[in-house]
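Listing of work-v7.cif, mmCIF, C-alpha atoms
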data_model
loop_
_atom_site.group_PDB
_atom_site.id
_atom_site.type_symbol
_atom_site.label_atom_id
_atom_site.label_comp_id
_atom_site.auth_asym_id
_atom_site.auth_seq_id
_atom_site.Cartn_x
_atom_site.Cartn_y
_atom_site.Cartn_z
ATOM 1 C CA MET A 1 141.416 55.960 101.916
ATOM 2 C CA LEU A 2 144.972 55.377 100.731
ATOM 3 C CA SER A 3 146.145 52.209 99.034
ATOM 4 C CA VAL A 4 149.813 52.112 98.069
ATOM 5 C CA SER A 5 151.648 48.790 98.167
ATOM 6 C CA ARG A 6 155.225 48.291 99.265
ATOM 7 C CA ALA A 7 155.937 47.022 95.752
ATOM 8 C CA GLU A 8 154.809 50.358 94.305
ATOM 9 C CA ILE A 9 156.939 52.269 96.793
ATOM 10 C CA GLU A 10 159.899 50.017 95.971
ATOM 11 C CA ARG A 11 159.462 50.593 92.248
ATOM 12 C CA THR A 12 159.263 54.359 92.783
ATOM 13 C CA PHE A 13 162.315 54.591 95.050
ATOM 14 C CA ALA A 14 164.594 51.915 93.540
ATOM 15 C CA PRO A 15 166.100 54.060 90.746
ATOM 16 C CA PHE A 16 167.681 56.331 93.375
ATOM 17 C CA VAL A 17 169.335 53.608 95.479
ATOM 18 C CA THR A 18 173.086 53.453 95.001
ATOM 19 C CA ARG A 19 173.942 50.749 97.542
ATOM 20 C CA SER A 20 172.186 48.408 99.983
ATOM 21 C CA PHE A 21 173.451 47.039 103.301
ATOM 22 C CA GLU A 22 172.485 44.340 105.747
ATOM 23 C CA PRO A 23 171.666 45.892 109.142
ATOM 24 C CA ALA A 24 174.598 44.056 110.726
ATOM 25 C CA ASP A 25 177.091 45.100 108.049
ATOM 26 C CA PRO A 26 180.077 46.624 109.906
ATOM 27 C CA GLU A 27 180.271 49.506 107.436
ATOM 28 C CA TRP A 28 176.607 50.378 107.970
ATOM 29 C CA ARG A 29 176.871 50.061 111.742
ATOM 30 C CA ALA A 30 179.871 52.379 111.723
ATOM 31 C CA LEU A 31 177.901 54.873 109.633
ATOM 32 C CA VAL A 32 175.012 54.726 112.116
ATOM 33 C CA ARG A 33 177.391 55.302 115.040
ATOM 34 C CA ARG A 34 178.996 58.290 113.321
ATOM 35 C CA ASN A 35 175.587 59.775 112.610
ATOM 36 C CA ALA A 36 174.464 59.331 116.220
ATOM 37 C CA SER A 37 177.657 60.895 117.553
ATOM 38 C CA ARG A 38 177.390 63.841 115.170
ATOM 39 C CA GLN A 39 173.756 64.527 116.097
ATOM 40 C CA ARG A 40 174.492 64.365 119.839
ATOM 41 C CA ALA A 41 177.282 66.890 119.394
ATOM 42 C CA ARG A 42 175.044 69.198 117.351
ATOM 43 C CA ARG A 43 172.263 68.974 119.922
ATOM 44 C CA ARG A 44 174.646 69.895 122.745
ATOM 45 C CA ARG A 45 176.009 72.820 120.781
ATOM 46 C CA ARG A 46 172.506 74.141 120.223
ATOM 47 C CA GLN A 47 171.552 73.675 123.857
ATOM 48 C CA TRP A 48 174.652 75.589 124.943
ATOM 49 C CA LEU A 49 174.654 78.310 122.277
ATOM 50 C CA GLY A 50 171.060 78.430 121.030
ATOM 51 C CA TRP A 51 170.537 81.864 122.581
ATOM 52 C CA LEU A 52 172.982 83.383 120.059
ATOM 53 C CA PRO A 53 171.283 84.999 117.019
ATOM 54 C CA ARG A 54 173.177 82.851 114.504
ATOM 55 C CA PHE A 55 171.770 79.683 116.059
ATOM 56 C CA ARG A 56 168.144 80.829 116.044
ATOM 57 C CA ARG A 57 165.951 79.350 113.328
ATOM 58 C CA THR A 58 163.425 82.056 112.520
ATOM 59 C CA GLN A 59 161.057 82.494 109.600
ATOM 60 C CA GLN A 60 163.288 85.322 108.373
ATOM 61 C CA THR A 61 166.453 83.196 108.332
ATOM 62 C CA ILE A 62 164.548 80.374 106.641
ATOM 63 C CA SER A 63 163.157 82.776 104.044
ATOM 64 C CA ASP A 64 166.619 84.131 103.289
ATOM 65 C CA GLU A 65 168.166 80.666 103.035
ATOM 66 C CA TYR A 66 165.521 79.097 100.820
ATOM 67 C CA SER A 67 165.046 82.139 98.622
ATOM 68 C CA ARG A 68 168.712 81.750 97.650
ATOM 69 C CA THR A 69 168.241 78.011 97.136
ATOM 70 C CA TRP A 70 165.250 78.372 94.813
ATOM 71 C CA SER A 71 166.972 81.189 92.922
ATOM 72 C CA GLU A 72 170.061 79.071 92.290
ATOM 73 C CA TRP A 73 168.486 75.642 91.683
ATOM 74 C CA SER A 74 166.012 74.892 88.901
ATOM 75 C CA VAL A 75 163.586 71.998 89.219
ATOM 76 C CA GLU A 76 165.763 70.117 86.734
ATOM 77 C CA ASP A 77 168.756 70.643 89.036
ATOM 78 C CA GLN A 78 166.712 69.467 91.979
ATOM 79 C CA ILE A 79 165.774 66.140 90.438
ATOM 80 C CA THR A 80 169.118 65.382 88.771
ATOM 81 C CA ARG A 81 171.591 66.641 91.366
ATOM 82 C CA GLY A 82 171.772 66.590 95.134
ATOM 83 C CA PRO A 83 173.440 64.386 97.724
ATOM 84 C CA VAL A 84 173.486 60.657 98.321
ATOM 85 C CA VAL A 85 172.527 60.009 101.963
ATOM 86 C CA PRO A 86 171.731 57.053 104.238
ATOM 87 C CA PHE A 87 168.127 55.800 104.194
ATOM 88 C CA VAL A 88 166.208 53.257 106.230
ATOM 89 C CA TRP A 89 162.935 51.498 105.454
ATOM 90 C CA GLY A 90 161.930 48.936 108.026
ATOM 91 C CA GLU A 91 164.910 46.591 108.197
ATOM 92 C CA ARG A 92 166.340 47.831 104.926
ATOM 93 C CA CYS A 93 169.450 50.022 104.991
ATOM 94 C CA MET A 94 170.536 51.952 101.902
ATOM 95 C CA MET A 95 172.493 54.775 100.421
ATOM 96 C CA ALA A 96 170.282 56.686 98.007
ATOM 97 C CA ARG A 97 169.894 60.032 96.328
ATOM 98 C CA ALA A 98 167.922 62.277 98.650
ATOM 99 C CA ILE A 99 165.465 63.311 95.919
ATOM 100 C CA GLY A 100 164.162 59.737 95.808
ATOM 101 C CA ALA A 101 162.146 60.406 98.957
ATOM 102 C CA LYS A 102 160.285 63.209 97.188
ATOM 103 C CA ARG A 103 159.233 60.849 94.421
ATOM 104 C CA VAL A 104 157.757 58.509 97.026
ATOM 105 C CA HIS A 105 155.984 61.447 98.656
ATOM 106 C CA LEU A 106 154.510 62.384 95.273
ATOM 107 C CA LEU A 107 153.285 58.823 94.795
ATOM 108 C CA LEU A 108 151.445 58.989 98.133
ATOM 109 C CA LEU A 109 149.940 62.381 97.322
ATOM 110 C CA THR A 110 148.856 61.295 93.847
ATOM 111 C CA ARG A 111 147.021 58.263 95.204
ATOM 112 C CA LEU A 112 145.455 60.341 97.970
ATOM 113 C CA VAL A 113 144.094 62.897 95.496
ATOM 114 C CA GLU A 114 142.780 60.078 93.329
ATOM 115 C CA ALA A 115 140.991 58.600 96.348
ATOM 116 C CA LEU A 116 139.541 61.850 97.705
ATOM 117 C CA GLN A 117 138.784 63.462 94.323
ATOM 118 C CA PRO A 118 139.144 67.092 95.453
ATOM 119 C CA LYS A 119 138.563 69.936 93.039
ATOM 120 C CA THR A 120 140.863 72.406 94.819
ATOM 121 C CA VAL A 121 144.221 71.511 96.385
ATOM 122 C CA LEU A 122 146.573 73.830 98.276
ATOM 123 C CA GLU A 123 150.218 73.231 99.105
ATOM 124 C CA VAL A 124 151.509 75.263 102.053
ATOM 125 C CA GLY A 125 155.223 75.854 101.613
ATOM 126 C CA SER A 126 155.281 75.104 97.885
ATOM 127 C CA GLY A 127 158.932 76.026 97.300
ATOM 128 C CA ASN A 128 159.788 76.157 93.604
ATOM 129 C CA GLY A 129 156.538 74.415 92.662
ATOM 130 C CA LEU A 130 157.931 70.946 91.943
ATOM 131 C CA ASN A 131 155.162 69.095 93.806
ATOM 132 C CA LEU A 132 152.414 71.223 92.261
ATOM 133 C CA PHE A 133 153.607 70.802 88.677
ATOM 134 C CA VAL A 134 154.083 67.034 88.975
ATOM 135 C CA LEU A 135 150.668 66.543 90.581
ATOM 136 C CA ALA A 136 148.918 68.830 88.083
ATOM 137 C CA ALA A 137 150.526 66.968 85.196
ATOM 138 C CA ARG A 138 149.046 63.713 86.476
ATOM 139 C CA LEU A 139 145.665 64.969 87.740
ATOM 140 C CA PRO A 140 144.025 67.093 85.024
ATOM 141 C CA ASP A 141 140.696 67.655 86.799
ATOM 142 C CA VAL A 142 142.176 69.439 89.826
ATOM 143 C CA ARG A 143 143.003 73.100 90.390
ATOM 144 C CA PHE A 144 146.222 73.555 92.387
ATOM 145 C CA PHE A 145 147.310 76.463 94.562
ATOM 146 C CA GLY A 146 150.560 77.154 96.390
ATOM 147 C CA VAL A 147 151.541 79.538 99.176
ATOM 148 C CA GLU A 148 155.288 80.056 99.524
ATOM 149 C CA LEU A 149 157.231 82.163 102.030
ATOM 150 C CA THR A 150 160.172 82.986 99.778
ATOM 151 C CA ALA A 151 160.401 85.368 96.842
ATOM 152 C CA GLY A 152 162.856 83.014 95.156
ATOM 153 C CA GLY A 153 160.440 80.090 95.323
ATOM 154 C CA VAL A 154 157.530 82.062 93.870
ATOM 155 C CA ALA A 155 159.730 83.422 91.086
ATOM 156 C CA ALA A 156 160.997 79.925 90.224
ATOM 157 C CA ALA A 157 157.467 78.497 90.058
ATOM 158 C CA ARG A 158 156.227 81.331 87.876
ATOM 159 C CA ALA A 159 159.224 80.990 85.553
ATOM 160 C CA LEU A 160 158.462 77.298 85.124
ATOM 161 C CA ALA A 161 154.829 78.138 84.343
ATOM 162 C CA ARG A 162 155.976 80.350 81.451
ATOM 163 C CA GLN A 163 157.601 77.427 79.641
ATOM 164 C CA PRO A 164 155.754 75.918 76.650
ATOM 165 C CA ALA A 165 155.611 72.493 78.301
ATOM 166 C CA LEU A 166 156.965 70.610 81.283
ATOM 167 C CA PRO A 167 160.703 69.914 81.037
ATOM 168 C CA PRO A 168 161.207 66.258 79.991
ATOM 169 C CA GLY A 169 163.022 65.444 83.211
ATOM 170 C CA LEU A 170 160.138 66.687 85.295
ATOM 171 C CA GLY A 171 157.650 64.611 83.360
ATOM 172 C CA GLY A 172 159.811 61.552 83.910
ATOM 173 C CA PHE A 173 159.906 62.257 87.629
ATOM 174 C CA CYS A 174 156.116 61.849 87.876
ATOM 175 C CA PRO A 175 155.665 58.444 89.592
ATOM 176 C CA ASP A 176 152.624 57.367 87.549
ATOM 177 C CA GLY A 177 153.411 59.207 84.337
ATOM 178 C CA VAL A 178 152.118 62.452 82.835
ATOM 179 C CA VAL A 179 148.581 62.977 81.555
ATOM 180 C CA ALA A 180 148.858 66.706 80.764
ATOM 181 C CA ASP A 181 152.258 68.197 79.916
ATOM 182 C CA ARG A 182 150.883 71.775 79.922
ATOM 183 C CA PRO A 183 149.148 72.047 83.309
ATOM 184 C CA PHE A 184 150.118 75.663 83.902
ATOM 185 C CA ASP A 185 146.666 77.265 83.751
ATOM 186 C CA ARG A 186 145.565 75.083 86.700
ATOM 187 C CA ILE A 187 148.382 76.209 89.011
ATOM 188 C CA SER A 188 148.544 79.446 90.989
ATOM 189 C CA VAL A 189 151.358 80.296 93.415
ATOM 190 C CA VAL A 190 151.416 83.332 95.694
ATOM 191 C CA ARG A 191 153.789 84.586 98.327
ATOM 192 C CA GLY A 192 152.640 84.401 101.923
ATOM 193 C CA SER A 193 153.285 83.055 105.405
ATOM 194 C CA ALA A 194 151.758 79.868 106.778
ATOM 195 C CA ALA A 195 150.979 81.882 109.907
ATOM 196 C CA ASP A 196 148.591 84.079 107.909
ATOM 197 C CA LEU A 197 147.518 82.242 104.761
ATOM 198 C CA PRO A 198 146.066 84.498 102.037
ATOM 199 C CA ILE A 199 143.302 81.948 101.478
ATOM 200 C CA ALA A 200 139.600 82.168 102.328
ATOM 201 C CA ASP A 201 138.041 80.081 105.099
ATOM 202 C CA ARG A 202 136.965 76.574 104.085
ATOM 203 C CA SER A 203 137.878 77.176 100.455
ATOM 204 C CA MET A 204 140.149 74.161 99.814
ATOM 205 C CA ASP A 205 139.115 70.535 99.474
ATOM 206 C CA LEU A 206 142.613 69.310 100.337
ATOM 207 C CA VAL A 207 145.595 71.057 101.899
ATOM 208 C CA PHE A 208 149.020 69.393 102.043
ATOM 209 C CA THR A 209 152.553 70.019 103.249
ATOM 210 C CA VAL A 210 155.752 68.144 102.396
ATOM 211 C CA LEU A 211 158.590 68.789 104.837
ATOM 212 C CA ALA A 212 157.417 72.390 105.101
ATOM 213 C CA LEU A 213 156.120 72.354 108.677
ATOM 214 C CA GLU A 214 159.552 70.919 109.390
ATOM 215 C CA GLN A 215 160.809 74.472 108.931
ATOM 216 C CA MET A 216 158.009 76.187 110.880
ATOM 217 C CA GLU A 217 158.559 75.270 114.512
ATOM 218 C CA GLU A 218 158.658 78.965 115.409
ATOM 219 C CA ILE A 219 155.073 79.378 114.137
ATOM 220 C CA ARG A 220 153.792 75.806 114.428
ATOM 221 C CA PRO A 221 150.572 76.417 116.429
ATOM 222 C CA ARG A 222 149.504 79.302 114.206
ATOM 223 C CA ALA A 223 150.437 77.482 110.976
ATOM 224 C CA LEU A 224 148.424 74.399 111.936
ATOM 225 C CA ALA A 225 145.445 76.549 112.899
ATOM 226 C CA GLU A 226 145.619 78.351 109.551
ATOM 227 C CA ILE A 227 145.792 75.077 107.642
ATOM 228 C CA ALA A 228 142.716 73.860 109.524
ATOM 229 C CA ARG A 229 140.936 77.162 108.815
ATOM 230 C CA VAL A 230 141.264 77.022 105.037
ATOM 231 C CA THR A 231 140.303 73.388 104.451
ATOM 232 C CA ARG A 232 136.752 72.123 104.121
ATOM 233 C CA GLY A 233 137.875 68.554 103.535
ATOM 234 C CA HIS A 234 141.206 66.957 104.363
ATOM 235 C CA VAL A 235 144.789 67.816 105.259
ATOM 236 C CA ALA A 236 147.789 65.653 104.347
ATOM 237 C CA MET A 237 151.104 66.282 106.078
ATOM 238 C CA ILE A 238 154.306 64.486 105.145
ATOM 239 C CA GLU A 239 156.346 65.641 108.097
ATOM 240 C CA PRO A 240 158.745 64.395 110.819
ATOM 241 C CA PHE A 241 156.142 64.083 113.578
ATOM 242 C CA ARG A 242 157.608 63.530 116.999
ATOM 243 C CA ASP A 243 155.807 60.175 117.121
ATOM 244 C CA TRP A 244 158.529 58.898 114.776
ATOM 245 C CA ASN A 245 161.434 60.953 116.171
ATOM 246 C CA SER A 246 161.010 60.710 119.925
ATOM 247 C CA GLU A 247 164.463 59.477 120.937
ATOM 248 C CA GLY A 248 167.989 58.782 119.839
ATOM 249 C CA ALA A 249 169.751 60.338 116.889
ATOM 250 C CA THR A 250 166.614 61.550 115.112
ATOM 251 C CA ARG A 251 165.452 63.377 118.236
ATOM 252 C CA ASP A 252 168.899 64.931 118.578
ATOM 253 C CA TYR A 253 168.659 66.055 114.946
ATOM 254 C CA VAL A 254 165.283 67.723 115.528
ATOM 255 C CA VAL A 255 166.499 69.589 118.603
ATOM 256 C CA ALA A 256 169.779 70.586 116.965
ATOM 257 C CA ASN A 257 167.945 72.111 113.989
ATOM 258 C CA ASP A 258 164.898 73.445 115.843
ATOM 259 C CA TYR A 259 162.689 71.403 113.511
ATOM 260 C CA PHE A 260 159.031 70.387 113.716
ATOM 261 C CA ALA A 261 158.216 68.815 117.094
ATOM 262 C CA GLY A 262 154.460 68.271 116.837
ATOM 263 C CA ARG A 263 152.664 65.041 117.766
ATOM 264 C CA ILE A 264 149.770 63.474 115.889
ATOM 265 C CA ALA A 265 147.661 63.584 119.063
ATOM 266 C CA GLU A 266 147.876 67.396 119.063
ATOM 267 C CA LEU A 267 146.006 67.808 115.761
ATOM 268 C CA PRO A 268 142.436 67.659 117.163
ATOM 269 C CA GLY A 269 143.354 70.714 119.237
ATOM 270 C CA VAL A 270 143.520 72.779 116.035
ATOM 271 C CA GLY A 271 140.431 71.253 114.446
ATOM 272 C CA LEU A 272 141.933 68.306 112.550
ATOM 273 C CA GLU A 273 140.888 64.691 113.138
ATOM 274 C CA PRO A 274 143.615 62.188 112.104
ATOM 275 C CA VAL A 275 142.202 59.376 109.988
ATOM 276 C CA HIS A 276 145.352 57.783 108.550
ATOM 277 C CA ALA A 277 149.022 57.718 109.567
ATOM 278 C CA THR A 278 152.008 55.764 108.327
ATOM 279 C CA ASP A 279 155.780 55.986 108.415
ATOM 280 C CA ASP A 280 156.208 52.843 106.310
ATOM 281 C CA VAL A 281 158.191 54.668 103.636
ATOM 282 C CA PRO A 282 161.904 55.158 103.006
ATOM 283 C CA SER A 283 163.243 57.897 105.293
ATOM 284 C CA LYS A 284 166.612 59.504 105.757
ATOM 285 C CA LEU A 285 168.597 58.011 108.610
ATOM 286 C CA ALA A 286 168.881 61.480 110.140
ATOM 287 C CA LEU A 287 165.134 62.141 110.337
ATOM 288 C CA ARG A 288 162.036 59.965 109.920
ATOM 289 C CA ALA A 289 159.103 61.467 108.041
ATOM 290 C CA GLY A 290 155.697 59.923 107.506
ATOM 291 C CA LEU A 291 152.235 60.734 106.193
ATOM 292 C CA VAL A 292 149.346 61.892 108.394
ATOM 293 C CA VAL A 293 145.949 62.492 106.807
ATOM 294 C CA SER A 294 143.335 64.397 108.813
ATOM 295 C CA ARG A 295 139.732 65.389 108.292
ATOM 296 C CA ALA A 296 138.536 68.886 109.120
ATOM 297 C CA CYS A 297 136.470 68.656 112.295
ATOM 298 C CA ALA A 298 132.844 69.700 111.971
ATOM 299 C CA GLY A 299 132.429 73.234 113.258
ATOM 300 C CA GLY A 300 136.209 73.685 113.486
#

Can the structure from this file be put into structure tokens for me?
Amino acid sequence: MLSVSRAEIERTFAPFVTRSFEPADPEWRALVRRNASRQRARRRRRQWLGWLPRFRRTQQTISDEYSRTWSEWSVEDQITRGPVVPFVWGERCMMARAIGAKRVHLLLLTRLVEALQPKTVLEVGSGNGLNLFVLAARLPDVRFFGVELTAGGVAAARALARQPALPPGLGGFCPDGVVADRPFDRISVVRGSAADLPIADRSMDLVFTVLALEQMEEIRPRALAEIARVTRGHVAMIEPFRDWNSEGATRDYVVANDYFAGRIAELPGVGLEPVHATDDVPSKLALRAGLVVSRACAGG
């Protein structure tokens, strides 16, 4: 179903790497220890004080936070700015610009769409539209839809769609290059909640999320059920499943932030049959994310 080599992933991610370490490098080991200590402290603080309103991660607080983010950051800002953070990939240890992970995610999604050949694709939690515009620029035979919780994200995506062509930086961010630099008439973004998608039953050939369910732990069961409801084909989720964050510092990070805690084995319960899963991609040291592809269960 999905064929992406490590060499292709390396080529896609390499431009964002600022420094590499050996696993036993004292500087790297010290960084890992500091990260683990920081995440333990954050987890304890949440466990002690999580009942306070300011520590609760609700859909309203997430909407407020990300609406400001998408209002203040253009897609050009997103791909040219942002922090340098620790990454791991198997035995490899690196410092890299955080946006590099998104380019790898887009490579995986591009190859998946090419393999499945859907006609309609929905992103749940589409943010400012970056994923949709890059994919549409590469895949001219597909109609793309986005549902986004925040007003700022929808406004940013619609503003980008009013431009005469894709910004040059965005075209260059496309892992396999651009085929259509004016894909706007094949992209539609609306505001809505993943808990109540404004999409008809079984109307999408492919539904995907990229670190969006990460922010939906409060509504996770309902969001997964809605995603299963609207697809007639497949679902792709690039998310920090608990399978890859079950212990240690990454588990502390999930608990501290009240992030996505779902397991792959839970997906059949909402009508999704996993058919492919991998975490063999560069991930932030703080939180491991991987790709899970599921098929809509018959009669689900």

Translate the PyMOL selection byres ((chain A and resi 57) around 8) into a concrete residue list for this structure, as an NGL selection string. :A and (55-56 or 58-59 or 61-62 or 218 or 257-258)

Can you translate the PyMOL selection byres ((chain A and resi 110-123) around 6) into the concrete residues it hits in this file, as a PyMOL selection string? chain A and resi 2+106-109+124+126+142-146+204-209

Evaluating the PyMOL selection byres ((chain A and resi 233-240) around 9) on the displayed file yields which residues, as a VMD selection string? chain A and resid 105 109 112 116 118 202 204 to 214 227 to 228 231 to 232 241 to 245 254 259 to 262 272 274 287 to 297

For Met95 (chain A), which of A:Phe13, A:Phe184, A:Trp70, A:Phe173 is the closest residue, counting all atoms listed in the file?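 Closest to Met95 (chain A) of all the choices is A:Phe13.
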
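Taking CA of Glu22 (chain A) and CA of Arg92 (chain A) as the two end points, the separation is 7.1 Å.
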
Would you kindly return, as a ChimeraX atom specification, each protein, DNA or RNA residue with an atom no farther than 8 Å from any atom of region 65-68 of chain A, considering only C-alpha atoms and excluding same-chain residues fewer than 4 positions away? /A:61,72,150-153

Closest to Val75 (chain A) among A:Pro183, A:Gly169, A:Pro198, A:Pro282, using only C-alpha atoms? A:Gly169

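Atom pair CA of Ala225 (chain A) / CA of Val147 (chain A): separated by 15.3 Å.
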
Using only C-alpha atoms, which of the listed residues (A:Ile99, A:Ala14, A:Val154, A:Ala194) sits closest to Thr69 (chain A)?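 The shortest atom-to-atom distance to Thr69 (chain A) comes from A:Val154.
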
As lines of an AutoDock Vina configuration file, please: the centre and edge lengths in Å, to one decimal, of an axis-aligned box enclosing every listed atom of region 136-153 of chain A with 5 Å added on each side.
center_x = 151.8
center_y = 74.5
center_z = 93.5
size_x = 32.2
size_y = 31.7
size_z = 27.0

Work out how far apart CA of Ala298 (chain A) and CA of Gly269 (chain A) are and give it in Å to one decimal.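 Distance between the two atoms: 12.8 Å.
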
Who sits within 10 Å of Ala41 (chain A), only C-alpha atoms, same chain under 4 positions skipped, as a PyMOL selection string: chain A and resi 35-37+45-47+252-253+256

Given the selection you just returned, output its residues as a file containing C-alpha atoms, formatted as a compact mmCIF listing (two decimals), in the coordinates of the input.
# COMPACT_ATOMS: atom_id res chain seq x y z
CA ASN A 35 175.59 59.78 112.61
CA ALA A 36 174.46 59.33 116.22
CA SER A 37 177.66 60.90 117.55
CA ARG A 45 176.01 72.82 120.78
CA ARG A 46 172.51 74.14 120.22
CA GLN A 47 171.55 73.68 123.86
CA ASP A 252 168.90 64.93 118.58
CA TYR A 253 168.66 66.06 114.95
CA ALA A 256 169.78 70.59 116.96

Near Ala161 (chain A), counting all atoms listed in the file, which residues have an atom at most 9 Å away, once you skip same-chain residues fewer than 5 positions from it, shown as a ChimeraX atom specification? /A:133,156,166,182-185,187

Got time to write the residues from that selection, C-alpha atoms, as a CSV table (one decimal), keeping the file's coordinate frame?
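The result, written out as selection.csv:
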chain,number,residue,atom,x,y,z
A,133,PHE,CA,153.6,70.8,88.7
A,156,ALA,CA,161.0,79.9,90.2
A,166,LEU,CA,157.0,70.6,81.3
A,182,ARG,CA,150.9,71.8,79.9
A,183,PRO,CA,149.1,72.0,83.3
A,184,PHE,CA,150.1,75.7,83.9
A,185,ASP,CA,146.7,77.3,83.8
A,187,ILE,CA,148.4,76.2,89.0

Distance criterion (only C-alpha atoms): nearest to Trp48 (chain A) out of A:Ala136, A:Val281, A:Ile264, A:Val255: A:Val255

Provide region 4-19 of chain A of the preceding structure as a file containing N, CA and C atoms, as an mmCIF file, in the first residue's frame.
data_model
loop_
_atom_site.group_PDB
_atom_site.id
_atom_site.type_symbol
_atom_site.label_atom_id
_atom_site.label_comp_id
_atom_site.auth_asym_id
_atom_site.auth_seq_id
_atom_site.Cartn_x
_atom_site.Cartn_y
_atom_site.Cartn_z
ATOM 1 N N VAL A 4 7.729 3.860 0.744
ATOM 2 C CA VAL A 4 8.613 5.014 0.893
ATOM 3 C C VAL A 4 9.909 4.508 1.512
ATOM 4 N N SER A 5 11.015 4.687 0.831
ATOM 5 C CA SER A 5 12.290 4.170 1.318
ATOM 6 C C SER A 5 12.894 5.102 2.363
ATOM 7 N N ARG A 6 13.791 4.551 3.148
ATOM 8 C CA ARG A 6 14.511 5.386 4.117
ATOM 9 C C ARG A 6 15.337 6.447 3.407
ATOM 10 N N ALA A 7 15.840 6.112 2.215
ATOM 11 C CA ALA A 7 16.620 7.100 1.456
ATOM 12 C C ALA A 7 15.763 8.300 1.071
ATOM 13 N N GLU A 8 14.511 8.048 0.710
ATOM 14 C CA GLU A 8 13.600 9.143 0.361
ATOM 15 C C GLU A 8 13.280 9.994 1.588
ATOM 16 N N ILE A 9 13.069 9.329 2.713
ATOM 17 C CA ILE A 9 12.801 10.068 3.951
ATOM 18 C C ILE A 9 14.023 10.901 4.330
ATOM 19 N N GLU A 10 15.204 10.312 4.205
ATOM 20 C CA GLU A 10 16.446 11.024 4.505
ATOM 21 C C GLU A 10 16.590 12.256 3.622
ATOM 22 N N ARG A 11 16.344 12.101 2.346
ATOM 23 C CA ARG A 11 16.469 13.218 1.411
ATOM 24 C C ARG A 11 15.468 14.334 1.743
ATOM 25 N N THR A 12 14.293 13.959 2.192
ATOM 26 C CA THR A 12 13.246 14.924 2.512
ATOM 27 C C THR A 12 13.552 15.688 3.798
ATOM 28 N N PHE A 13 14.127 14.979 4.776
ATOM 29 C CA PHE A 13 14.356 15.574 6.097
ATOM 30 C C PHE A 13 15.716 16.267 6.219
ATOM 31 N N ALA A 14 16.704 15.808 5.461
ATOM 32 C CA ALA A 14 18.086 16.277 5.627
ATOM 33 C C ALA A 14 18.270 17.793 5.592
ATOM 34 N N PRO A 15 17.542 18.535 4.734
ATOM 35 C CA PRO A 15 17.783 19.984 4.704
ATOM 36 C C PRO A 15 17.475 20.707 6.016
ATOM 37 N N PHE A 16 16.766 20.050 6.929
ATOM 38 C CA PHE A 16 16.356 20.704 8.170
ATOM 39 C C PHE A 16 17.243 20.330 9.355
ATOM 40 N N VAL A 17 18.167 19.395 9.142
ATOM 41 C CA VAL A 17 19.057 18.945 10.215
ATOM 42 C C VAL A 17 20.178 19.957 10.406
ATOM 43 N N THR A 18 20.357 20.392 11.637
ATOM 44 C CA THR A 18 21.413 21.360 11.929
ATOM 45 C C THR A 18 22.625 20.726 12.602
ATOM 46 N N ARG A 19 22.436 19.556 13.211
ATOM 47 C CA ARG A 19 23.559 18.887 13.874
ATOM 48 C C ARG A 19 23.184 17.438 14.145
#
